[in-house]
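Q: So here's entry.tsv, just TSV, C-alpha atoms and all ligand atoms:
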```
chain	number	residue	atom	x	y	z
B	1	MET	CA	0.00	0.00	0.00
B	2	LYS	CA	0.99	3.61	-0.44
B	3	ILE	CA	0.67	5.32	2.94
B	4	ALA	CA	1.11	9.00	3.83
B	5	ILE	CA	2.18	10.15	7.28
B	6	LEU	CA	1.22	13.75	7.91
B	7	SER	CA	3.95	15.01	10.19
B	8	ARG	CA	5.93	18.20	10.51
B	9	ASN	CA	9.18	16.41	11.19
B	10	LYS	CA	10.34	13.06	9.87
B	11	ARG	CA	12.90	12.72	12.67
B	12	LEU	CA	10.26	12.51	15.43
B	13	TYR	CA	10.23	9.11	17.14
B	14	SER	CA	6.57	8.35	16.32
B	15	THR	CA	7.02	9.29	12.68
B	16	ARG	CA	10.24	7.30	12.32
B	17	ARG	CA	8.71	4.22	13.91
B	18	MET	CA	5.68	4.35	11.66
B	19	VAL	CA	7.89	4.58	8.55
B	20	GLU	CA	9.99	1.67	9.82
B	21	ALA	CA	7.00	-0.53	10.62
B	22	GLY	CA	5.30	0.27	7.31
B	23	GLU	CA	8.41	-0.45	5.25
B	24	ALA	CA	9.06	-3.66	7.17
B	25	ALA	CA	5.57	-4.79	6.11
B	26	GLY	CA	6.35	-3.95	2.47
B	27	HIS	CA	4.46	-0.67	2.15
B	28	GLU	CA	5.52	2.54	0.47
B	29	MET	CA	5.71	5.16	3.23
B	30	HIS	CA	5.77	8.90	2.54
B	31	VAL	CA	6.28	11.50	5.27
B	32	ILE	CA	4.45	14.64	4.23
B	33	ASP	CA	4.82	17.97	5.98
B	34	THR	CA	1.24	18.96	6.82
B	35	LEU	CA	1.90	22.66	6.49
B	36	ARG	CA	3.43	22.26	3.02
B	37	CYS	CA	0.25	20.69	1.62
B	38	TYR	CA	-1.87	23.09	-0.34
B	39	MET	CA	-5.22	22.34	-1.79
B	40	SER	CA	-7.43	23.22	-4.68
B	41	MET	CA	-11.16	23.10	-4.36
B	42	VAL	CA	-12.54	22.48	-7.80
B	43	ALA	CA	-15.90	20.82	-8.40
B	44	HIS	CA	-15.55	17.02	-8.28
B	45	LYS	CA	-11.78	17.05	-8.29
B	46	PRO	CA	-10.25	17.58	-4.86
B	47	GLU	CA	-6.47	17.74	-5.07
B	48	ILE	CA	-3.55	18.17	-2.73
B	49	HIS	CA	-0.37	19.74	-4.02
B	50	TYR	CA	2.91	19.26	-2.27
B	51	LYS	CA	6.16	21.02	-3.10
B	52	GLY	CA	5.08	21.53	-6.71
B	53	GLU	CA	3.62	18.06	-7.27
B	54	VAL	CA	0.15	16.56	-7.06
B	55	LEU	CA	-0.30	13.85	-4.43
B	56	GLU	CA	-1.82	10.78	-5.99
B	57	GLY	CA	-2.44	7.11	-5.44
B	58	PHE	CA	-2.47	6.99	-1.65
B	59	ASP	CA	-4.43	4.22	0.07
B	60	ALA	CA	-4.21	5.52	3.62
B	61	VAL	CA	-3.12	8.55	5.59
B	62	ILE	CA	-1.79	8.65	9.15
B	63	PRO	CA	-2.44	12.12	10.57
B	64	ARG	CA	-0.02	13.27	13.28
B	65	ILE	CA	-1.47	16.71	13.78
B	66	GLY	CA	0.08	18.88	16.48
B	67	ALA	CA	-2.25	20.90	18.69
B	68	SER	CA	-0.90	24.18	17.31
B	69	ILE	CA	-1.99	23.35	13.76
B	70	THR	CA	-5.31	21.60	14.36
B	71	GLN	CA	-7.33	23.73	11.97
B	72	TYR	CA	-5.00	23.56	8.97
B	73	GLY	CA	-4.11	19.96	9.71
B	74	THR	CA	-7.70	18.75	9.83
B	75	ALA	CA	-8.42	20.61	6.58
B	76	VAL	CA	-5.60	18.64	4.94
B	77	VAL	CA	-6.94	15.36	6.35
B	78	ARG	CA	-10.44	16.27	5.10
B	79	GLN	CA	-9.03	16.85	1.63
B	80	PHE	CA	-7.44	13.36	1.69
B	81	GLU	CA	-10.83	11.98	2.76
B	82	MET	CA	-12.58	13.67	-0.16
B	83	MET	CA	-10.02	12.05	-2.44
B	84	GLY	CA	-11.11	8.68	-1.02
B	85	VAL	CA	-7.93	8.06	1.01
B	86	PHE	CA	-8.54	6.10	4.24
B	87	PRO	CA	-7.52	8.11	7.31
B	88	ILE	CA	-6.62	6.20	10.49
B	89	ASN	CA	-8.46	8.99	12.30
B	90	GLU	CA	-11.04	11.13	10.56
B	91	SER	CA	-10.79	14.89	10.48
B	92	VAL	CA	-14.08	15.37	12.37
B	93	ALA	CA	-12.94	13.03	15.13
B	94	ILE	CA	-9.62	14.85	15.45
B	95	SER	CA	-11.34	18.24	15.75
B	96	ARG	CA	-13.78	16.83	18.27
B	97	SER	CA	-11.05	15.39	20.49
B	98	ARG	CA	-9.06	18.63	20.47
B	99	ASP	CA	-11.82	20.45	22.32
B	100	LYS	CA	-11.80	19.17	25.89
B	101	LEU	CA	-15.25	20.53	26.69
B	102	ARG	CA	-16.89	19.08	23.60
B	103	SER	CA	-15.21	15.73	24.27
B	104	LEU	CA	-16.44	15.56	27.86
B	105	GLN	CA	-19.96	16.52	26.79
B	106	LEU	CA	-20.04	13.64	24.32
B	107	LEU	CA	-18.57	11.18	26.83
B	108	SER	CA	-20.99	12.23	29.59
B	109	ARG	CA	-23.95	11.83	27.27
B	110	LYS	CA	-22.97	8.18	26.84
B	111	GLY	CA	-22.42	7.62	30.55
B	112	VAL	CA	-18.62	7.30	30.58
B	113	GLY	CA	-17.10	7.98	34.03
B	114	LEU	CA	-15.62	11.48	34.25
B	115	PRO	CA	-14.26	13.77	36.93
B	116	ILE	CA	-17.10	16.15	37.88
B	117	THR	CA	-16.55	19.03	35.49
B	118	GLY	CA	-18.06	22.50	35.20
B	119	PHE	CA	-17.94	25.26	32.63
B	120	ALA	CA	-19.16	28.83	32.83
B	121	HIS	CA	-18.79	32.11	31.03
B	122	SER	CA	-19.62	34.84	33.51
B	123	PRO	CA	-17.43	35.73	36.50
B	124	ASP	CA	-20.70	36.13	38.44
B	125	ASP	CA	-21.14	32.36	38.29
B	126	ILE	CA	-17.72	31.43	39.67
B	127	PRO	CA	-18.82	30.77	43.27
B	128	ASP	CA	-21.55	28.37	42.20
B	129	LEU	CA	-19.30	26.81	39.56
B	130	ILE	CA	-16.86	25.94	42.34
B	131	ASN	CA	-19.71	24.46	44.41
B	132	MET	CA	-20.74	22.36	41.42
B	133	VAL	CA	-17.40	20.54	41.43
B	134	ARG	CA	-17.55	20.22	45.23
B	135	GLY	CA	-15.20	23.02	46.20
B	136	ALA	CA	-11.41	23.22	46.46
B	137	PRO	CA	-8.96	21.71	45.85
B	138	LEU	CA	-9.90	21.69	42.19
B	139	VAL	CA	-8.29	21.61	38.77
B	140	ILE	CA	-8.64	24.45	36.26
B	141	LYS	CA	-7.98	23.61	32.61
B	142	MET	CA	-7.66	25.66	29.48
B	143	LEU	CA	-9.90	24.09	26.84
B	144	GLU	CA	-7.18	23.76	24.25
B	145	GLY	CA	-4.11	23.17	26.39
B	146	THR	CA	-1.85	20.19	25.84
B	147	GLN	CA	1.16	18.47	27.43
B	148	GLY	CA	0.07	19.67	30.85
B	149	ILE	CA	0.40	23.33	29.99
B	150	GLY	CA	-2.72	25.21	31.02
B	151	VAL	CA	-3.67	22.76	33.78
B	152	VAL	CA	-3.63	24.33	37.24
B	153	LEU	CA	-4.30	22.86	40.67
B	154	ALA	CA	-5.99	25.40	42.95
B	155	GLU	CA	-5.61	24.29	46.55
B	156	THR	CA	-8.06	26.72	48.11
B	157	ARG	CA	-11.35	28.29	47.14
B	158	LYS	CA	-9.79	31.77	47.15
B	159	ALA	CA	-6.99	30.66	44.81
B	160	ALA	CA	-9.53	28.97	42.52
B	161	GLU	CA	-11.69	32.09	42.35
B	162	SER	CA	-8.83	34.39	41.43
B	163	VAL	CA	-7.29	32.03	38.86
B	164	ILE	CA	-10.65	31.44	37.14
B	165	GLU	CA	-11.33	35.19	37.19
B	166	ALA	CA	-7.90	35.87	35.67
B	167	PHE	CA	-8.48	33.40	32.82
B	168	MET	CA	-11.94	34.81	32.15
B	169	GLY	CA	-10.52	38.34	32.18
B	170	LEU	CA	-8.02	37.28	29.50
B	171	ASN	CA	-10.84	35.73	27.47
B	172	VAL	CA	-9.35	32.26	27.81
B	173	SER	CA	-11.96	29.49	28.11
B	174	VAL	CA	-11.38	27.19	31.06
B	175	MET	CA	-13.23	24.34	32.64
B	176	VAL	CA	-13.18	23.46	36.29
B	177	GLN	CA	-12.78	19.92	37.49
B	178	GLU	CA	-12.97	17.88	40.64
B	179	TYR	CA	-9.40	17.08	41.75
B	180	ILE	CA	-8.90	13.31	41.87
B	181	LYS	CA	-6.44	13.36	44.76
B	182	GLU	CA	-6.58	9.61	45.29
B	183	ALA	CA	-4.93	9.08	41.88
B	184	GLY	CA	-1.74	10.20	43.60
B	185	GLY	CA	-0.32	12.04	40.60
B	186	ALA	CA	-0.63	8.95	38.40
B	187	ASP	CA	-2.75	8.29	35.37
B	188	ILE	CA	-3.14	5.43	32.93
B	189	ARG	CA	-2.61	5.87	29.23
B	190	CYS	CA	-4.55	3.24	27.31
B	191	PHE	CA	-3.47	2.96	23.70
B	192	VAL	CA	-6.48	1.96	21.62
B	193	VAL	CA	-6.16	0.69	18.05
B	194	GLY	CA	-9.19	-0.51	16.09
B	195	GLY	CA	-11.44	-0.97	19.13
B	196	LYS	CA	-8.89	-2.74	21.36
B	197	VAL	CA	-6.50	-1.59	24.07
B	198	ILE	CA	-3.23	-2.87	22.60
B	199	ALA	CA	-0.92	-1.38	25.25
B	200	ALA	CA	-1.22	0.49	28.54
B	201	MET	CA	1.18	2.35	30.75
B	202	LYS	CA	1.09	4.15	34.04
B	203	ARG	CA	2.48	7.65	34.14
B	204	GLN	CA	3.61	8.95	37.50
B	205	ALA	CA	4.11	12.65	38.05
B	206	ALA	CA	7.50	13.90	39.24
B	207	PRO	CA	7.73	14.53	43.01
B	208	GLY	CA	5.84	17.68	43.99
B	209	GLU	CA	3.93	17.73	40.69
B	210	PHE	CA	0.35	16.52	40.11
B	211	ARG	CA	0.51	16.42	36.31
B	212	SER	CA	1.77	13.10	35.02
B	213	ASN	CA	2.58	14.26	31.46
B	214	LEU	CA	5.92	12.91	30.26
B	215	HIS	CA	6.61	16.44	29.00
B	216	ARG	CA	6.26	17.62	32.61
B	217	GLY	CA	8.83	15.14	33.92
B	218	GLY	CA	6.47	12.21	34.52
B	219	SER	CA	7.82	8.67	34.29
B	220	ALA	CA	6.21	5.75	32.49
B	221	SER	CA	5.96	2.15	33.58
B	222	LEU	CA	4.10	-1.01	32.65
B	223	ILE	CA	0.69	-1.58	34.29
B	224	ARG	CA	-2.06	-4.19	34.24
B	225	ILE	CA	-5.41	-2.55	33.72
B	226	THR	CA	-8.72	-3.87	34.99
B	227	PRO	CA	-11.47	-5.10	32.65
B	228	GLU	CA	-13.50	-2.03	33.63
B	229	GLU	CA	-10.63	0.29	32.67
B	230	ARG	CA	-10.20	-1.56	29.40
B	231	ALA	CA	-13.90	-1.29	28.57
B	232	THR	CA	-13.94	2.40	29.50
B	233	ALA	CA	-11.00	3.17	27.20
B	234	VAL	CA	-12.51	1.28	24.28
B	235	ARG	CA	-15.87	3.01	24.71
B	236	ALA	CA	-14.30	6.45	25.01
B	237	ALA	CA	-12.36	5.98	21.76
B	238	ARG	CA	-15.47	4.71	19.99
B	239	ILE	CA	-17.62	7.61	21.19
B	240	MET	CA	-15.00	10.06	19.94
B	241	GLY	CA	-14.93	8.23	16.61
B	242	LEU	CA	-11.18	7.56	16.84
B	243	ASN	CA	-9.63	4.33	15.52
B	244	VAL	CA	-6.30	5.17	17.12
B	245	ALA	CA	-6.42	6.99	20.44
B	246	GLY	CA	-4.60	7.54	23.69
B	247	VAL	CA	-7.26	7.41	26.38
B	248	ASP	CA	-6.11	8.88	29.70
B	249	ILE	CA	-7.80	7.49	32.77
B	250	LEU	CA	-7.53	8.32	36.48
B	251	ARG	CA	-8.26	5.76	39.20
B	252	SER	CA	-10.82	7.52	41.38
B	253	HIS	CA	-12.93	6.47	44.37
B	254	HIS	CA	-15.86	6.36	41.95
B	255	GLY	CA	-14.15	4.05	39.46
B	256	PRO	CA	-12.13	4.83	36.34
B	257	VAL	CA	-12.66	8.38	35.06
B	258	VAL	CA	-11.61	9.55	31.61
B	259	MET	CA	-9.58	12.73	31.57
B	260	GLU	CA	-9.02	13.06	27.89
B	261	VAL	CA	-8.82	11.24	24.59
B	262	ASN	CA	-5.83	12.06	22.39
B	263	SER	CA	-6.01	11.64	18.63
B	264	SER	CA	-2.25	11.71	17.96
B	265	PRO	CA	-0.86	9.74	20.92
B	266	GLY	CA	2.95	9.57	21.01
B	267	LEU	CA	4.63	6.19	20.48
B	268	GLU	CA	7.89	6.66	22.33
B	269	GLY	CA	6.65	6.48	25.94
B	270	ILE	CA	4.29	3.57	25.30
B	271	GLU	CA	6.72	1.48	23.23
B	272	MET	CA	9.49	2.01	25.79
B	273	ALA	CA	7.26	1.21	28.78
B	274	THR	CA	5.62	-1.87	27.27
B	275	ASN	CA	8.21	-3.14	24.80
B	276	LYS	CA	5.43	-3.56	22.26
B	277	ASP	CA	5.53	-2.84	18.56
B	278	VAL	CA	2.71	-0.28	18.67
B	279	ALA	CA	3.70	1.18	15.28
B	280	GLY	CA	3.44	-2.31	13.75
B	281	MET	CA	-0.04	-2.77	15.22
B	282	ILE	CA	-1.19	0.51	13.68
B	283	ILE	CA	0.11	-0.67	10.29
B	284	LYS	CA	-1.73	-4.00	10.73
B	285	PHE	CA	-4.93	-2.09	11.49
B	286	ILE	CA	-4.52	-0.14	8.24
B	287	GLU	CA	-3.91	-3.35	6.28
B	288	LYS	CA	-7.10	-4.82	7.68
B	289	ASP	CA	-9.42	-1.80	7.59
B	290	ALA	CA	-8.31	0.62	4.87
B	291	ARG	CA	-10.91	0.97	2.13
B	292	PRO	CA	-11.45	3.90	-0.17
B	293	TYR	CA	-14.19	6.36	0.86
B	294	ARG	CA	-14.77	4.82	4.29
B	295	THR	CA	-15.33	8.09	6.10
B	296	GLN	CA	-18.18	10.42	6.94
B	297	THR	CA	-16.62	12.99	4.63
B	298	LYS	CA	-18.24	12.22	1.34
B	299	GLY	CA	-16.28	13.01	-1.77
B	300	SER	CA	-16.62	12.37	-5.46
B	301	LYS	CA	-15.82	8.82	-6.50
B	302	GLY	CA	-15.31	9.81	-10.12
B	401	LIG	P1	-3.23	17.93	28.87
B	401	LIG	O1	-4.07	17.90	27.64
B	401	LIG	O2	-2.48	19.21	28.99
B	401	LIG	O3	-2.39	16.70	29.00
B	401	LIG	P2	-4.86	16.81	30.99
B	401	LIG	O4	-6.30	17.05	31.18
B	401	LIG	O5	-4.48	15.48	30.46
B	401	LIG	O6	-4.27	17.97	30.09
B	401	LIG	O7	-4.14	17.04	32.39
B	401	LIG	C1	-2.72	16.92	32.55
B	401	LIG	C2	-2.38	16.05	33.76
B	401	LIG	O8	-2.86	16.66	34.96
B	401	LIG	C3	-3.03	14.68	33.72
B	401	LIG	O9	-2.23	13.77	33.01
B	401	LIG	C4	-3.15	14.32	35.20
B	401	LIG	O10	-1.95	13.76	35.70
B	401	LIG	C5	-3.36	15.67	35.87
B	401	LIG	N1	-4.81	15.93	36.05
B	401	LIG	C6	-5.64	16.49	35.14
B	401	LIG	N2	-6.89	16.56	35.59
B	401	LIG	C7	-6.88	16.05	36.83
B	401	LIG	C8	-7.91	15.84	37.85
B	401	LIG	N3	-9.16	16.22	37.64
B	401	LIG	N4	-7.52	15.26	39.01
B	401	LIG	C9	-6.23	14.88	39.21
B	401	LIG	N5	-5.24	15.05	38.33
B	401	LIG	C10	-5.54	15.63	37.14
B	402	MG	MG	-3.11	14.76	29.00
```
Can you give me the file's structure in the form of structure tokens?
A:
Amino acid sequence: MKIAILSRNKRLYSTRRMVEAGEAAGHEMHVIDTLRCYMSMVAHKPEIHYKGEVLEGFDAVIPRIGASITQYGTAVVRQFEMMGVFPINESVAISRSRDKLRSLQLLSRKGVGLPITGFAHSPDDIPDLINMVRGAPLVIKMLEGTQGIGVVLAETRKAAESVIEAFMGLNVSVMVQEYIKEAGGADIRCFVVGGKVIAAMKRQAAPGEFRSNLHRGGSASLIRITPEERATAVRAARIMGLNVAGVDILRSHHGPVVMEVNSSPGLEGIEMATNKDVAGMIIKFIEKDARPYRTQTKGSKG
């Protein structure tokens, strides 16, 4: 098969591993810089141009879209979809997962366990918003933050009020969340591919830190997850419409709660912690599932 990897940098671990795994399975792998794709919108003939050439003949596309380029990146993925190329994650699902509020709304509608979460616009509603999530300590999150940046633990009600007020004053949307203290600074990353958890790791925050992100100094190790955690991760990925997802779960007193669902989960931490060939499993999923025009984005088949 001819497979495109949309990535800004072919030296990144995840990108390199995907190229390696694809080539080992006999596929033709092309790393394409997302921001160098440009598109023409002509009736019935969607095209993507890249460094002076027209991209043609691809069977599948692996989007690795960074949070800073979500809008342009998903437009490129959508263009591939209109050309009939199978995306491992669809553009709509990527956009959906990038908005933490929208994601939690969808998950709550389907009854997935979540930390109690609140969202408000007016500073007048801050006191009651804090009551809604059962008071301090609580976690304040920017809606489009990533890698732990924009996630704040407010220990007291006073601190929470002033931080939320500050964000609102800057016109930054935040949500407020029950602090799952009993998780002890650890979370579980479940790596879902094609409706199965194919690998899982525990991430433990550095001492004195509550955020377990590897980018924030967290450390990864192997973990056995419970059947309930496994089922929760699989459901969360399905609800988001993601074939490949990193579902982050906290162990709370009220069972597993989903914190977020990532559409471009990194491979380095999970492959190191579990010694599994995650890249190879993604390639196998493509081999099994890739069909032209299998997305919600309908394009011309002519
Ligand atoms: P990001 O998208 O920046 O990774 P997350 O929502 O995943 O944002 O939060 C970052 C980290 O902060 C999580 O991995 C987790 O360790 C910690 N964290 C987030 N929300 C909570 C919470 N409600 N209770 C306890 N810890 C949390
Ligand atoms: Mg996270």
Q: In Å, with one decimal, what is the gap from atom CA of B:Glu165 to atom CA of B:Tyr179?
A: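 So the answer is 18.8 Å.
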Q: Name all residues at most 6 Å from stretch 107-124 of chain B (count only C-alpha atoms; drop same-chain ones fewer than 6 positions away) and give them as a ChimeraX atom specification.
A: /B:133,175-178,257-258
Q: What are the closest atom pairs, with distances in Å to one decimal, for all residues of chain B lying within 8 Å of ligand LIG 401 (chain B)? Consider all atoms listed in the file, order rows by chain and residue number, and present the result as CSV.
A:
```
residue,atom,partner,partner_atom,distance
B:Lys100,CA,B:LIG401,O4,7.9
B:Pro115,CA,B:LIG401,N3,5.7
B:Ile116,CA,B:LIG401,N3,7.9
B:Leu138,CA,B:LIG401,N3,7.2
B:Val139,CA,B:LIG401,N3,5.6
B:Lys141,CA,B:LIG401,O4,6.9
B:Glu144,CA,B:LIG401,O1,7.5
B:Gly145,CA,B:LIG401,O2,5.0
B:Thr146,CA,B:LIG401,O2,3.4
B:Gln147,CA,B:LIG401,O2,4.0
B:Gly148,CA,B:LIG401,O2,3.2
B:Ile149,CA,B:LIG401,O2,5.1
B:Gly150,CA,B:LIG401,O2,6.3
B:Val151,CA,B:LIG401,O7,5.9
B:Gln177,CA,B:LIG401,N3,5.2
B:Glu178,CA,B:LIG401,N3,5.1
B:Tyr179,CA,B:LIG401,N4,3.8
B:Ile180,CA,B:LIG401,N4,3.7
B:Lys181,CA,B:LIG401,C9,5.8
B:Ala183,CA,B:LIG401,C9,6.5
B:Gly184,CA,B:LIG401,C9,7.8
B:Gly185,CA,B:LIG401,O10,5.4
B:Ala186,CA,B:LIG401,O10,5.7
B:Asp187,CA,B:LIG401,O10,5.5
B:Arg203,CA,B:LIG401,O10,7.7
B:Gln204,CA,B:LIG401,O10,7.6
B:Ala205,CA,B:LIG401,O10,6.6
B:Phe210,CA,B:LIG401,O10,5.7
B:Arg211,CA,B:LIG401,O8,3.6
B:Ser212,CA,B:LIG401,O10,3.8
B:Asn213,CA,B:LIG401,O9,5.1
B:Asp248,CA,B:LIG401,O5,6.8
B:Leu250,CA,B:LIG401,C9,7.2
B:Met259,CA,B:LIG401,O4,5.4
B:Glu260,CA,B:LIG401,O5,5.8
```
Q: Write out as an mmCIF file with C-alpha atoms, keeping the file's coordinate frame the residues lying within 7 Å of stretch 284-295 of chain B, counting all atoms listed in the file and excluding same-chain residues fewer than 4 positions away.
A:
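Now in out-v7.cif:
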```
data_model
loop_
_atom_site.group_PDB
_atom_site.id
_atom_site.type_symbol
_atom_site.label_atom_id
_atom_site.label_comp_id
_atom_site.auth_asym_id
_atom_site.auth_seq_id
_atom_site.Cartn_x
_atom_site.Cartn_y
_atom_site.Cartn_z
ATOM 1 C CA ALA B 60 -4.210 5.520 3.620
ATOM 2 C CA GLU B 81 -10.830 11.980 2.760
ATOM 3 C CA GLY B 84 -11.110 8.680 -1.020
ATOM 4 C CA VAL B 85 -7.930 8.060 1.010
ATOM 5 C CA PHE B 86 -8.540 6.100 4.240
ATOM 6 C CA GLU B 90 -11.040 11.130 10.560
ATOM 7 C CA GLY B 194 -9.190 -0.510 16.090
ATOM 8 C CA GLY B 280 3.440 -2.310 13.750
#
```
Q: So which one's closest to ligand MG 402 (chain B), B:Asn262, B:Thr70, B:Asn89, B:Asn171? Using only C-alpha atoms and all ligand atoms, please.
A: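 Closest residue, counting only C-alpha atoms and all ligand atoms: B:Asn262.
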Q: Tell me which protein, DNA and RNA residues are within 8 Å of B:Lys276, counting all atoms listed in the file, leaving out same-chain ones fewer than 5 positions away, and put them as a list of chain:residue names.
A: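 Residues meeting the cut-off are B:Ala199, B:Ile270, B:Glu271.
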Q: Can those selected residues be exported to a file as a PDB file, in the frame of the given file so that it contains C-alpha atoms?
A:
```pdb
ATOM      1  CA  ALA B 199      -0.920  -1.380  25.250  1.00  0.00           C
ATOM      2  CA  ILE B 270       4.290   3.570  25.300  1.00  0.00           C
ATOM      3  CA  GLU B 271       6.720   1.480  23.230  1.00  0.00           C
TER       4      GLU B 271
END
```
Q: Between atom CA of B:Ser264 and atom CA of B:Val244, measure the distance and give it in Å to one decimal.
A: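 These atoms are spaced 7.7 Å apart.
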Q: Can you work out the spacing between atom CA of B:Gly26 and atom CA of B:Lys2 in Å, to one decimal?
A: 9.7 Å
Q: Counting only C-alpha atoms, which residues have an atom no more than 7 Å from (9.8, 14.3, 34.7) in the file's coordinates? Please list them as a list in words.
A: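 Using only C-alpha atoms, the matching residues come out as Ala205, Ala206, Leu214, His215, Arg216, Gly217, Gly218 and Ser219 of chain B.
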